[in-house]
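The structure appears below as structure tokens.
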Amino acid sequence: MSRIRFRALALAGIGAFVAFACGGGGGSTGQDLASEQTLHTTIKDDIGTLDPGHVSSGVDISFTQQIFSGLYKFDQNLKVVPDIASGMPDVSSDGKTYTFHLRKGAKFWNGDPITSKDFLYSWNRTTYLADAYSTVFQPVVGYSAVAPDDPKAPKAKTLEGLTAPDDYTIKAQLTDPAGYWLTELALWTANVVDQKVIGDYTDKNNQANDVWWTKPETAVGSGPFKMTQRTAKQSMEFKPVDGWWGGSPGSLTDIKVDIGVDEVSAVKKFESGGYDIYGFANQSPSVDDILRYKGDPTKKKLLHIYPSARSSWLGFNFQQGPFKGIAEGHDGRESFAHAIDRAQVVDIGCGKGATCTAANGGLIAKGLKGYLGDNTDPLAKFDAAAAKAEYQKWDPNGAKVAGLKLSYNTNAVNDTLYGNVQSQIRANLGVSFALDPSDFPSLIKKRNAKQALMFRDSWGADYDHPQDWFDNLWNCAQAKPGGQNSAGYCSKPVDDLVQKADTQPIDQAVPAYKQAQQLMIKDAFDAPLTYGTQTYLSQTYVSGSGYNSLYDYSWTGYKILKH
């Protein structure tokens, strides 16, 4: 079963590049702790929400994961591990019935015990809210009744496929096998919230439904930390939960977050000792500061650059224009791909590699399951002579590309990067085309309508499973107008592989997803460009900070060492 997930574009479409590893956070190997275990950091823009039912932006996710918990979570290596669940689920032989067992003794920080009924409440509530990531529960029987496509349609209040046989057992009935669903259950969206605090989620007059997370006294979670102070657009503070059911929350006694500090000011304050880390919650130093740190032997020790789960590529329209048709436009797409020197793109478009690396291992970003491996994508090979010869055979008089434009969302990074792509193709193929910059919503509208003929395309993964890429971007259902398959690419062999892989456990499914990628490469689907990076600045006395291609490390592992 292929799924169509229209999630928020806060992660999928940011114009700048967000998250290669120069090392882990903290430069000291000693473990003598400082007497003061307060962590100071900052974010530029305020959070939008800490409500798991609404969270979608990278900034909000980073804090939500510290103060809430679910049945499962991701460890630092992106492996799904039990959290409130006592173990992995029992799955029926047909893959359609999941039985989860809860550990006893889990509770919210206010002392309310956590039972299976709290999870049913939380999952039903998230589905009913029908926000960006409610589709985590799309596989469950009854999803379309609780979150109908038509917002004016009557809504059921609960998912038919969810039951609680007892206080510590949850049963979920799926419409079809979904091998990826367990990975989705480790997302913040499936975290448990306290129904005693929030109340009736179907009551439009229930103000707690919207504001409960904004106040420390009602922002009740079951994670290792809790919010203890918040002044909107100014500051937040978090502390470990006393007697946390999960064990020790670690060494930190306080986390203080300034809000509204720009990246240049943040780096200056970091250098003066005012911040212990900078980069948490999708923040990043400026390109100039990253290059300055790279060039300074002392400062370089404080700089840590990690792969991020984002790929960017030059997309082509398969439905209309010069590149249409899997076979018909193949040589044109391939010649454009081979005419781009990725090393030059990274040097010029990404501040000498400060904000990205060359994409040469497939569409799925480096560090994630489904990555094909370094230098395995033939479309990323730069060969100007071969590219020009292939192009001239395909379009000997240049008629096919007359009037061609490259559509992208404008910002400083994209203007430089796509200007470089334009100049390279002009120099290496003799093809001139105009740039078509716009704001991001306009680009999305044009791409989804299948009106852009050549365009910037990009994806930032939600979780470490290839299904997140294929079912959102590259299946035939999404190729229709309105879908997120911007290219309008439709391949039955690819769909067949993905539909089977979607039903399988991840270890069985990855080879099929890789094969599907290789078929797309054979079809010259794209011109791969870059993988994103996430930069951290971390003082030498901070141990345990870091990033795992998708998420920040938990504060439970942080330590402030003597300095």
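Residue numbering restarts at 1 for every chain of the structure tokens, chains are lettered A, B, ... in their displayed order, and ligands are numbered from 1 as they appear.
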Find the residues of segment 333-385 of chain A that sit at most 9 Å from segment 427-434 of chain A; for each, write down the nearest two atoms and how far apart they are in Å, to one decimal. Count only C-alpha atoms. Sort by chain, then by number going up, and give it as a tab-separated table.
residue	atom	partner	partner_atom	distance
A:Ser335	CA	A:Leu429	CA	8.2
A:Phe336	CA	A:Leu429	CA	7.8
A:Ala339	CA	A:Asn428	CA	5.8
A:Ile340	CA	A:Asn428	CA	8.1
A:Ala384	CA	A:Asn428	CA	5.5
A:Ala385	CA	A:Asn428	CA	7.7
Spatial neighbours of Asp167 of chain A, max dist 12 Å, only C-alpha atoms, sep filter under 3 positions, as a PDB file with C-alpha atoms, in the first residue's frame:
ATOM      1  CA  PHE A 100       1.921  -3.327  22.526  1.00  0.00           C
ATOM      2  CA  HIS A 101       2.713  -3.922  26.175  1.00  0.00           C
ATOM      3  CA  LEU A 102       3.415  -0.969  28.474  1.00  0.00           C
ATOM      4  CA  ARG A 103       5.901  -0.988  31.282  1.00  0.00           C
ATOM      5  CA  LYS A 104       4.344  -0.405  34.682  1.00  0.00           C
ATOM      6  CA  GLY A 105       5.304   2.602  36.739  1.00  0.00           C
ATOM      7  CA  ALA A 106       5.541   5.157  33.933  1.00  0.00           C
ATOM      8  CA  PRO A 113       0.082   7.317  36.020  1.00  0.00           C
ATOM      9  CA  ILE A 114       0.332   6.404  32.336  1.00  0.00           C
ATOM     10  CA  THR A 115      -1.914   3.613  31.085  1.00  0.00           C
ATOM     11  CA  SER A 116      -3.016   2.326  27.718  1.00  0.00           C
ATOM     12  CA  LYS A 117      -6.045   4.624  27.878  1.00  0.00           C
ATOM     13  CA  ASP A 118      -3.719   7.642  27.884  1.00  0.00           C
ATOM     14  CA  PHE A 119      -2.143   6.438  24.662  1.00  0.00           C
ATOM     15  CA  LEU A 120      -5.529   5.858  23.046  1.00  0.00           C
ATOM     16  CA  THR A 163      -8.399  -0.798  21.617  1.00  0.00           C
ATOM     17  CA  ALA A 164      -7.070  -1.224  25.146  1.00  0.00           C
ATOM     18  CA  ILE A 170      -2.788  -1.641  23.334  1.00  0.00           C
ATOM     19  CA  LYS A 171      -4.037  -3.359  20.216  1.00  0.00           C
TER      20      LYS A 171
END
| Do you know which residues are at most 8 Å from Leu443 of chain A counting only C-alpha atoms, after dropping those on the same chain fewer than 4 positions away, and could you put them as an MDAnalysis selection string? | chainID A and resid 407:409 438:439 447
For the selection just defined, write its residues with N, CA and C atoms to a file, as a PDB file, in the first residue's frame.
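Final output, saved to part-v5.pdb:
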ATOM      1  N   SER A 407      13.143  27.110 -12.015  1.00  0.00           N
ATOM      2  CA  SER A 407      12.348  27.676 -10.927  1.00  0.00           C
ATOM      3  C   SER A 407      12.928  27.266  -9.574  1.00  0.00           C
ATOM      4  N   TYR A 408      13.027  28.231  -8.661  1.00  0.00           N
ATOM      5  CA  TYR A 408      13.524  27.927  -7.316  1.00  0.00           C
ATOM      6  C   TYR A 408      13.032  29.002  -6.353  1.00  0.00           C
ATOM      7  N   ASN A 409      13.077  28.707  -5.063  1.00  0.00           N
ATOM      8  CA  ASN A 409      12.715  29.701  -4.060  1.00  0.00           C
ATOM      9  C   ASN A 409      13.947  30.513  -3.701  1.00  0.00           C
ATOM     10  N   SER A 438      11.285  32.760  -6.936  1.00  0.00           N
ATOM     11  CA  SER A 438       9.994  33.109  -6.348  1.00  0.00           C
ATOM     12  C   SER A 438      10.075  32.861  -4.858  1.00  0.00           C
ATOM     13  N   ASP A 439       8.998  33.183  -4.136  1.00  0.00           N
ATOM     14  CA  ASP A 439       8.952  32.770  -2.739  1.00  0.00           C
ATOM     15  C   ASP A 439       8.640  31.269  -2.697  1.00  0.00           C
ATOM     16  N   ARG A 447       5.231  23.640  -8.608  1.00  0.00           N
ATOM     17  CA  ARG A 447       5.714  22.258  -8.709  1.00  0.00           C
ATOM     18  C   ARG A 447       4.578  21.264  -8.567  1.00  0.00           C
TER      19      ARG A 447
END
| Which of these, A:Lys393, A:Lys514, A:Lys324, A:Lys388, has the shortest distance to Thr376 of chain A once you count only C-alpha atoms? |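 Closest residue, counting only C-alpha atoms: A:Lys514.
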| task | DSSP on the backbone, then: every residue of segment 391-561 of chain A marked alpha helix (DSSP H), written as an MDAnalysis selection string. | result | chainID A and resid 391:394 412:429 440:448 467:469 492:502 506:522
Would you give me, as CSV, each residue of segment 428-505 of chain A having an atom within 9 Å of an atom of segment 358-369 of chain A, along with its shortest atom pair and that distance in Å to one decimal, using only C-alpha atoms and sorting by chain and residue number?
residue,atom,partner,partner_atom,distance
A:Trp459,CA,A:Ile364,CA,8.8
A:Gly460,CA,A:Ala365,CA,8.5
A:Ala461,CA,A:Ala365,CA,8.4
A:Tyr463,CA,A:Leu368,CA,8.8
A:Asp464,CA,A:Leu368,CA,5.7
A:His465,CA,A:Lys369,CA,6.1
A:Pro466,CA,A:Lys369,CA,6.6
A:Trp469,CA,A:Ile364,CA,7.4
Output for the residues just chosen: N, CA and C atoms as an mmCIF file, in the first residue's frame:
data_model
loop_
_atom_site.group_PDB
_atom_site.id
_atom_site.type_symbol
_atom_site.label_atom_id
_atom_site.label_comp_id
_atom_site.auth_asym_id
_atom_site.auth_seq_id
_atom_site.Cartn_x
_atom_site.Cartn_y
_atom_site.Cartn_z
ATOM 1 N N TRP A 459 14.211 17.416 -0.167
ATOM 2 C CA TRP A 459 13.440 16.724 0.858
ATOM 3 C C TRP A 459 14.286 16.555 2.108
ATOM 4 N N GLY A 460 13.696 16.861 3.228
ATOM 5 C CA GLY A 460 14.308 16.584 4.515
ATOM 6 C C GLY A 460 13.507 15.501 5.197
ATOM 7 N N ALA A 461 14.142 14.391 5.506
ATOM 8 C CA ALA A 461 13.434 13.231 6.043
ATOM 9 C C ALA A 461 12.828 13.523 7.408
ATOM 10 N N TYR A 463 11.975 10.754 9.391
ATOM 11 C CA TYR A 463 12.463 9.632 10.186
ATOM 12 C C TYR A 463 13.275 8.733 9.277
ATOM 13 N N ASP A 464 14.016 7.822 9.882
ATOM 14 C CA ASP A 464 14.990 7.020 9.142
ATOM 15 C C ASP A 464 14.334 5.791 8.526
ATOM 16 N N HIS A 465 13.557 6.022 7.482
ATOM 17 C CA HIS A 465 12.939 4.918 6.749
ATOM 18 C C HIS A 465 12.699 5.376 5.315
ATOM 19 N N PRO A 466 13.126 4.607 4.307
ATOM 20 C CA PRO A 466 12.949 5.032 2.906
ATOM 21 C C PRO A 466 11.500 5.271 2.523
ATOM 22 N N TRP A 469 10.420 8.793 2.016
ATOM 23 C CA TRP A 469 10.791 9.451 0.764
ATOM 24 C C TRP A 469 9.874 8.996 -0.382
#
| message | I'd like the contact shell of Cys490 of chain A - 12 Å cut-off, only C-alpha atoms, skipping same-chain residues fewer than 3 positions apart - returned as a list of chain:residue names. | response |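 Contacts, in chain order: A:Asn317, A:Phe318, A:Gln319, A:Lys324, A:Gly325, A:Ile326, A:Phe470, A:Leu473, A:Trp474, A:Asn475, A:Cys476, A:Ala477, A:Gln478, A:Ala479, A:Lys480, A:Gly483, A:Asn485, A:Ser486, A:Ala487, A:Pro493, A:Val494, A:Asp495, A:Asp496, A:Leu519, A:Met520, A:Asp523, A:Phe525.
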Output the selection as a short mmCIF file (atom, residue, chain, number, x, y, z; two decimals), in the first residue's frame - C-alpha atoms for each residue.
data_model
loop_
_atom_site.label_atom_id
_atom_site.label_comp_id
_atom_site.auth_asym_id
_atom_site.auth_seq_id
_atom_site.Cartn_x
_atom_site.Cartn_y
_atom_site.Cartn_z
CA ASN A 317 9.11 17.69 -15.48
CA PHE A 318 8.20 14.28 -16.87
CA GLN A 319 4.72 15.33 -17.99
CA LYS A 324 8.88 14.80 -20.58
CA GLY A 325 8.63 11.05 -20.86
CA ILE A 326 10.86 8.47 -19.19
CA PHE A 470 9.05 7.18 -1.73
CA LEU A 473 7.58 12.02 -3.39
CA TRP A 474 8.07 9.34 -6.00
CA ASN A 475 5.01 7.15 -6.45
CA CYS A 476 2.46 7.36 -9.25
CA ALA A 477 -0.34 8.52 -6.95
CA GLN A 478 1.71 11.57 -6.00
CA ALA A 479 2.55 12.30 -9.66
CA LYS A 480 -0.95 13.66 -10.28
CA GLY A 483 0.72 15.67 -5.32
CA ASN A 485 5.88 14.20 -6.79
CA SER A 486 7.04 17.45 -8.38
CA ALA A 487 8.47 15.73 -11.44
CA PRO A 493 8.32 -1.10 -11.66
CA VAL A 494 9.32 1.42 -8.99
CA ASP A 495 5.81 1.45 -7.49
CA ASP A 496 5.70 -2.35 -7.38
CA LEU A 519 15.68 2.20 -11.41
CA MET A 520 15.06 5.92 -10.96
CA ASP A 523 15.52 6.64 -15.86
CA PHE A 525 15.14 11.03 -12.74
#
| field | d(atom CA of Val345 of chain A, atom CA of Asp331 of chain A) in Å | value | 22.0 Å
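The nearest approach to Val510 of chain A among the residues A:Ser286, A:Asn191, A:Asn209, A:Gln467, with only C-alpha atoms taken into account, belongs to A:Gln467.
The shortest atom-to-atom distance to Gly373 of chain A, with only C-alpha atoms taken into account, belongs to A:Gln518 out of A:Asp166, A:Gln518, A:Pro82, A:Lys269.
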| atom CA of Phe280 of chain A and atom CA of Ser235 of chain A, how far apart in Å? | 14.8 Å
| remark: Counting only C-alpha atoms, closest pick from A:Asp395, A:Asp32, A:Glu184, A:Asp341 relative to Phe382 of chain A is A:Asp341
| field | Selected residue, from A:Asp436, A:Asp526, A:Asp415, A:Asp374, that lies nearest to Ile348 of chain A when counting only C-alpha atoms | value |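 Going through A:Asp436, A:Asp526, A:Asp415, A:Asp374 one by one, the smallest distance to Ile348 of chain A is for A:Asp415.
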